[in-house]
Amino acid sequence: MSATAARPSDVLPGLGRKIGSLRRERRWALVTAYISLIIAAIFMLGPPLYMLLTSLKTSAEIADLSRSPWSISEITFSNYAQILGDPMFRGFFYNSIIVTVLVVAITMVISVLAAFALARMRFFGSQVLATGVFLTYLVPDTLLFIPLYQIVGGLGLLNSIWGLVLVYPTLTVPFCTWIMIGYFASIPKELDEAALIDGANWMQMLTKIFIPVALPGIIAATIFAFTVSWAAFVYPTAFITQPDSMPLTIGVVSQLIRGDTFAWGQLMAGALLAALPPVIVYAFLMDYYIAGLTAGATKG
Amino acid sequence: MPSDASAALAPGRAPASAARSSSLRRFARRRSTVAFLMTLPLIAVIGGLVAWPASYAIYLATLNRRMTAFIGLENFDILLENETFRGVIWQSCFFAITAVLLKALIGFWLAHMLHHIPSKGQRKWRGMLLVPWVIPPALSTLGWWWMFEPSYSSINWLLNAFGGPSIPWLGEPWWARISVIIVNVWYGAPFFMIMYLAALKSVPDQLYEAAAIDGATGWQGLVHVTLPMMRNIISITVLFSLIVTFANYDIVRVLTNGGPRDLTHVFASYAFQVGVLSGNIPRGAAVSLFMFPLLAVVAFFVLRGVNRRQKEMA
Amino acid sequence: MAQVTLRRIVKEYEGGVQAVKGIDLDIADHEFVVLVGPSGCGKSTTLRMIAGLEEISAGDIAIGGALVNDIPPRDRDIAMVFQNYALYPHMTVYDNMAFGLMLRKFPKAEIDRRVKEAARILDIGMLLDRKPKALSGGQRQRVAMGRAIVRDPKVFLFAEPLSNLDAKLRVQMRTEIKKVHQTVKTTTIYVTHDQVEAMTLADRVVVMNHGVIEQVGPPQELYHNPATKFVAGFIGSPAMNFIPCRLEQSGSALQVQLPGGAALPVPQDRTARYQAHLGRELLFGIRPEHLTEVRPNDHRENMAVLEAVPEVVEPMGMETLAHFWIEGAEICARLDPATPAAPGRKLPLAADMAKMHLIDPKTNKVL
């Protein structure tokens, strides 16, 4: 009877110890993982949280050096009220929206048309052009802003949001075309053949088959174009010097910082409000956002 | 029609008859025309707003300050003799290499940790850790600037609370350089994490199981299975990030604006200062063109990596 | 009126590789023709050229009497069922079937009538609102056929439509396709690499190899009278046995001398046919089903006995396959499962010489 009462570890002591050590190893790995992630989260989320904290404080509390900057005694929304009441800030917002909406629309039309042609209609030079798209993506805006400054100036578009609408596509079109080529290329060839036999012409094939089937890719590319044109900084800094035509990024950085006494609360409130649209898009469409981010590497 | 049919029926004819090849060519040409029209806007953007400005920059860089005379390579000569600009070269390279290495290491570590926790929680953590990448960098750098602010620095307050000294983050050259790197790593590491996580997820589990049965420890699995499988993504991401970091502008502009004493300038911010703010367009164009050789080398390797990856996946 | 005519069709790819080397084929109205052959034989390329998805390098294709060489697929009045179904993933079953009619600007009521009718024929009425993702393989197959049926085209083209299904479903869908063809009677060209599919479905089978047609004919004819060694080996499963042999005189009759000493008498009625090849090295071909165990009191006409020592014995249930080797040629015999066959044990086999074939190894033609 003793055999039936014995626990497995009594019968096979060595085995029991092995299982125990494996489990312990796993647990340690998990603990290490969580500790790393917690530290990373503090580092990653600290600055935006501190910005939020500052934006909710009164100027007096911000200036009070005797208190911990990480605490807050009284939450106030006056900074937000003031910044939203500022017509100049609202003007920045308006400019950003106009420029971004137009650039996203232009980008998507250009990229989707070109990606469709490059992915499906082999023609003379199409391979070279596809490589060209990728190379263009590697050319940074900081290499081009000086000649573009001359060109935009020559067109009389300095200090105009139209100048931005003209040059922003250099930031968005190459990458969007690149990932759309990837998405379109992953659509099975039989699908367009079926459409061809069903009687679709090239345009119908694009609008009725490719765009709906590659919708996740379209969304990812749209998000990319949106975030890039919303966050663009080099071109507006170079081309826009009058507050009237400034979009949010350069507007907040250059116009809300004036003199030696900074209105820190208002500055942080303004920066957070300016960052809100991309953050909202990210919060609701995270999977598409990440798909677009990784598409460049995993598809290309 | 009948004549065409009988012509094709004639024995011993070359496969492509003249009549047919002309009509086929017409068909192919029509398709090419449609395709060309569809890519025309793209070609306009690449040609007119990238290729043309890039060559225009080369032309500009050979002019004198008032853009009235051709002076050859003099702008480059003057720059190379300039102490400040030599510092810019050094700082750009130091900044880019250090920041990219740190981003790659931290990103890899975090991706690995994320990959190891139960998949239920992964989404949540990933969502939180990617936040720095989502905020426009010019704006988040404002927050860092405020945290580095000499008299109100919340970071120094934390250091003091743990018994450490206050650090002159943006006032002292070396600390200023470190500050710029910290902010860039904060902004860019999440991107590396996401890329590596995607790569990790694409490694089939059976490979790890096979390696474990072959007697590999966790570390050996990492070295012999994970890293070789991810080699291409790692190199593409690193090379790509090298370009972007090397050409970075927003963080330096907002955080230090090149200071103290022009010691944290990188190519982009220096080109801006010389070209736009001081009004010496040709000299500024020359500064930004210094980025070109490095970009060309990196682009070559990226392209090679991408091609290799496409072949592997085909 | 929808016969299909191919005249000297050639497909040449860049670099001079010819996938199809000038084939002629006449397909009658209402006929069900199956193109069969190993992969790379040019059967799919031929189908795609008929569909207009592939340009022809030379020759002529006519559908319903009209030359279609340079006519785009949409104007050829054909419908096609693809191997992976190629259903539009973002459309419902109904919309998938209606798409082609919609593009052709059919009135709504007519589209609805046709889709409902096709759905009734294929028994997929309850699936009309679903998306392809929510369907099983067999259901997708039906929808793909439905998409072809609603168009009421001149010709149906099937490109290996059953290869992605499991064995059981394949048999079921095979019957289904045959039933649909008997209902709608549309001229059908069907491509497959599976000779069983070809045999069961076709009015006429076209066997292709290396870009040329080896033989065209009804299934039974291909089985009984293959024209070439390729057809003889390709049609039938397990495949026909080929044994090197020499044709010899034996009295007034002929006999097949096999390596290893066995001599099998050739039936009298073939003497005239084979006389010219007397003394030549030929290939003796016989199907496994015509190489059986010797039954007690078996006095079939034209039966020859062959001693064999099986090396591998495979019981299949309804029959047992025995494999043995004669001078490097693997031979398969189909035995009654009750036969006491075992590896290494001597087994007399009965060859039905009325079903024999002789093949010229130089031309690969069946004599």
# chains A, B, ... in the order shown; residues from 1 in each chain; ligands from 1
>>> select_by_dssp(residues="range 42-259 of chain C", states="helix (DSSP H, G or I)", output="PyMOL selection string")
chain C and resi 43-51+73-75+93-103+108-122+125-127+132-134+137-150+167-184+195-201+219-224+229-234
>>> closest_atom_pairs(of="chain A", to="chain C", cutoff="9 Å", atoms="only C-alpha atoms", output="tab-separated table")
residue	atom	partner	partner_atom	distance
A:Pro188	CA	C:Ala86	CA	7.7
A:Lys189	CA	C:Ala86	CA	8.5
A:Glu190	CA	C:Ala86	CA	5.5
A:Leu191	CA	C:Ala86	CA	4.9
A:Asp192	CA	C:Ala86	CA	8.4
A:Glu193	CA	C:Leu53	CA	6.9
A:Ala194	CA	C:Ala86	CA	6.5
A:Ala195	CA	C:Gly100	CA	7.7
A:Leu196	CA	C:Arg74	CA	5.9
A:Ile197	CA	C:Arg74	CA	4.7
A:Asp198	CA	C:Gly100	CA	4.3
A:Gly199	CA	C:Arg74	CA	4.2
A:Ala200	CA	C:Leu103	CA	6.5
A:Asn201	CA	C:Arg74	CA	8.5
A:Gln204	CA	C:Leu103	CA	8.7
A:Ile209	CA	C:Tyr88	CA	7.1
A:Pro212	CA	C:His90	CA	6.5
A:Val213	CA	C:His90	CA	6.0
>>> write_last_selection(atoms="N, CA and C atoms", output="PDB file, in the first residue's frame")
ATOM      1  N   PRO A 188      -3.783  37.616 -54.215  1.00  0.00           N
ATOM      2  CA  PRO A 188      -3.515  36.564 -55.195  1.00  0.00           C
ATOM      3  C   PRO A 188      -3.850  37.006 -56.614  1.00  0.00           C
ATOM      4  N   LYS A 189      -3.016  36.599 -57.537  1.00  0.00           N
ATOM      5  CA  LYS A 189      -3.162  37.021 -58.924  1.00  0.00           C
ATOM      6  C   LYS A 189      -4.479  36.540 -59.542  1.00  0.00           C
ATOM      7  N   GLU A 190      -4.965  35.389 -59.065  1.00  0.00           N
ATOM      8  CA  GLU A 190      -6.218  34.851 -59.599  1.00  0.00           C
ATOM      9  C   GLU A 190      -7.371  35.832 -59.392  1.00  0.00           C
ATOM     10  N   LEU A 191      -7.247  36.658 -58.328  1.00  0.00           N
ATOM     11  CA  LEU A 191      -8.349  37.571 -58.041  1.00  0.00           C
ATOM     12  C   LEU A 191      -8.505  38.592 -59.157  1.00  0.00           C
ATOM     13  N   ASP A 192      -7.384  39.134 -59.657  1.00  0.00           N
ATOM     14  CA  ASP A 192      -7.558  40.081 -60.759  1.00  0.00           C
ATOM     15  C   ASP A 192      -7.929  39.362 -62.045  1.00  0.00           C
ATOM     16  N   GLU A 193      -7.475  38.109 -62.179  1.00  0.00           N
ATOM     17  CA  GLU A 193      -7.869  37.384 -63.391  1.00  0.00           C
ATOM     18  C   GLU A 193      -9.369  37.114 -63.385  1.00  0.00           C
ATOM     19  N   ALA A 194      -9.880  36.758 -62.205  1.00  0.00           N
ATOM     20  CA  ALA A 194     -11.324  36.551 -62.090  1.00  0.00           C
ATOM     21  C   ALA A 194     -12.061  37.839 -62.426  1.00  0.00           C
ATOM     22  N   ALA A 195     -11.540  38.971 -61.928  1.00  0.00           N
ATOM     23  CA  ALA A 195     -12.185  40.254 -62.197  1.00  0.00           C
ATOM     24  C   ALA A 195     -12.112  40.600 -63.679  1.00  0.00           C
ATOM     25  N   LEU A 196     -10.953  40.273 -64.281  1.00  0.00           N
ATOM     26  CA  LEU A 196     -10.771  40.526 -65.706  1.00  0.00           C
ATOM     27  C   LEU A 196     -11.806  39.752 -66.517  1.00  0.00           C
ATOM     28  N   ILE A 197     -12.009  38.483 -66.132  1.00  0.00           N
ATOM     29  CA  ILE A 197     -12.985  37.658 -66.843  1.00  0.00           C
ATOM     30  C   ILE A 197     -14.401  38.129 -66.542  1.00  0.00           C
ATOM     31  N   ASP A 198     -14.608  38.596 -65.313  1.00  0.00           N
ATOM     32  CA  ASP A 198     -15.932  39.123 -64.961  1.00  0.00           C
ATOM     33  C   ASP A 198     -16.237  40.415 -65.706  1.00  0.00           C
ATOM     34  N   GLY A 199     -15.236  40.976 -66.351  1.00  0.00           N
ATOM     35  CA  GLY A 199     -15.501  42.144 -67.183  1.00  0.00           C
ATOM     36  C   GLY A 199     -15.047  43.467 -66.611  1.00  0.00           C
ATOM     37  N   ALA A 200     -14.154  43.431 -65.603  1.00  0.00           N
ATOM     38  CA  ALA A 200     -13.715  44.690 -65.008  1.00  0.00           C
ATOM     39  C   ALA A 200     -12.591  45.288 -65.838  1.00  0.00           C
ATOM     40  N   ASN A 201     -12.562  46.623 -65.956  1.00  0.00           N
ATOM     41  CA  ASN A 201     -11.404  47.266 -66.559  1.00  0.00           C
ATOM     42  C   ASN A 201     -10.426  47.625 -65.447  1.00  0.00           C
ATOM     43  N   GLN A 204     -11.907  49.709 -62.595  1.00  0.00           N
ATOM     44  CA  GLN A 204     -12.862  48.972 -61.762  1.00  0.00           C
ATOM     45  C   GLN A 204     -12.138  47.945 -60.911  1.00  0.00           C
ATOM     46  N   ILE A 209     -11.999  45.925 -56.398  1.00  0.00           N
ATOM     47  CA  ILE A 209     -11.334  44.735 -55.850  1.00  0.00           C
ATOM     48  C   ILE A 209     -10.145  45.125 -54.967  1.00  0.00           C
ATOM     49  N   PRO A 212     -10.852  47.640 -51.732  1.00  0.00           N
ATOM     50  CA  PRO A 212     -11.559  46.985 -50.610  1.00  0.00           C
ATOM     51  C   PRO A 212     -10.756  45.835 -49.992  1.00  0.00           C
ATOM     52  N   VAL A 213     -10.085  45.034 -50.833  1.00  0.00           N
ATOM     53  CA  VAL A 213      -9.358  43.894 -50.269  1.00  0.00           C
ATOM     54  C   VAL A 213      -8.153  44.365 -49.461  1.00  0.00           C
TER      55      VAL A 213
END
>>> interface_residues(of="chain B", to="chain A", cutoff="6 Å", atoms="only C-alpha atoms", output="list in words")
Ser32, Ala35, Met38, Thr39, Pro41, Leu42, Pro53, Ala57, Met113, Leu129, Ile135, Pro136, Leu139, Gly143, Ser154, Met195, Ala268, Ala285 and Ser288 of chain B
>>> interface_residues(of="chain C", to="chain B", cutoff="6 Å", atoms="only C-alpha atoms", output="PyMOL selection string")
chain C and resi 57-59
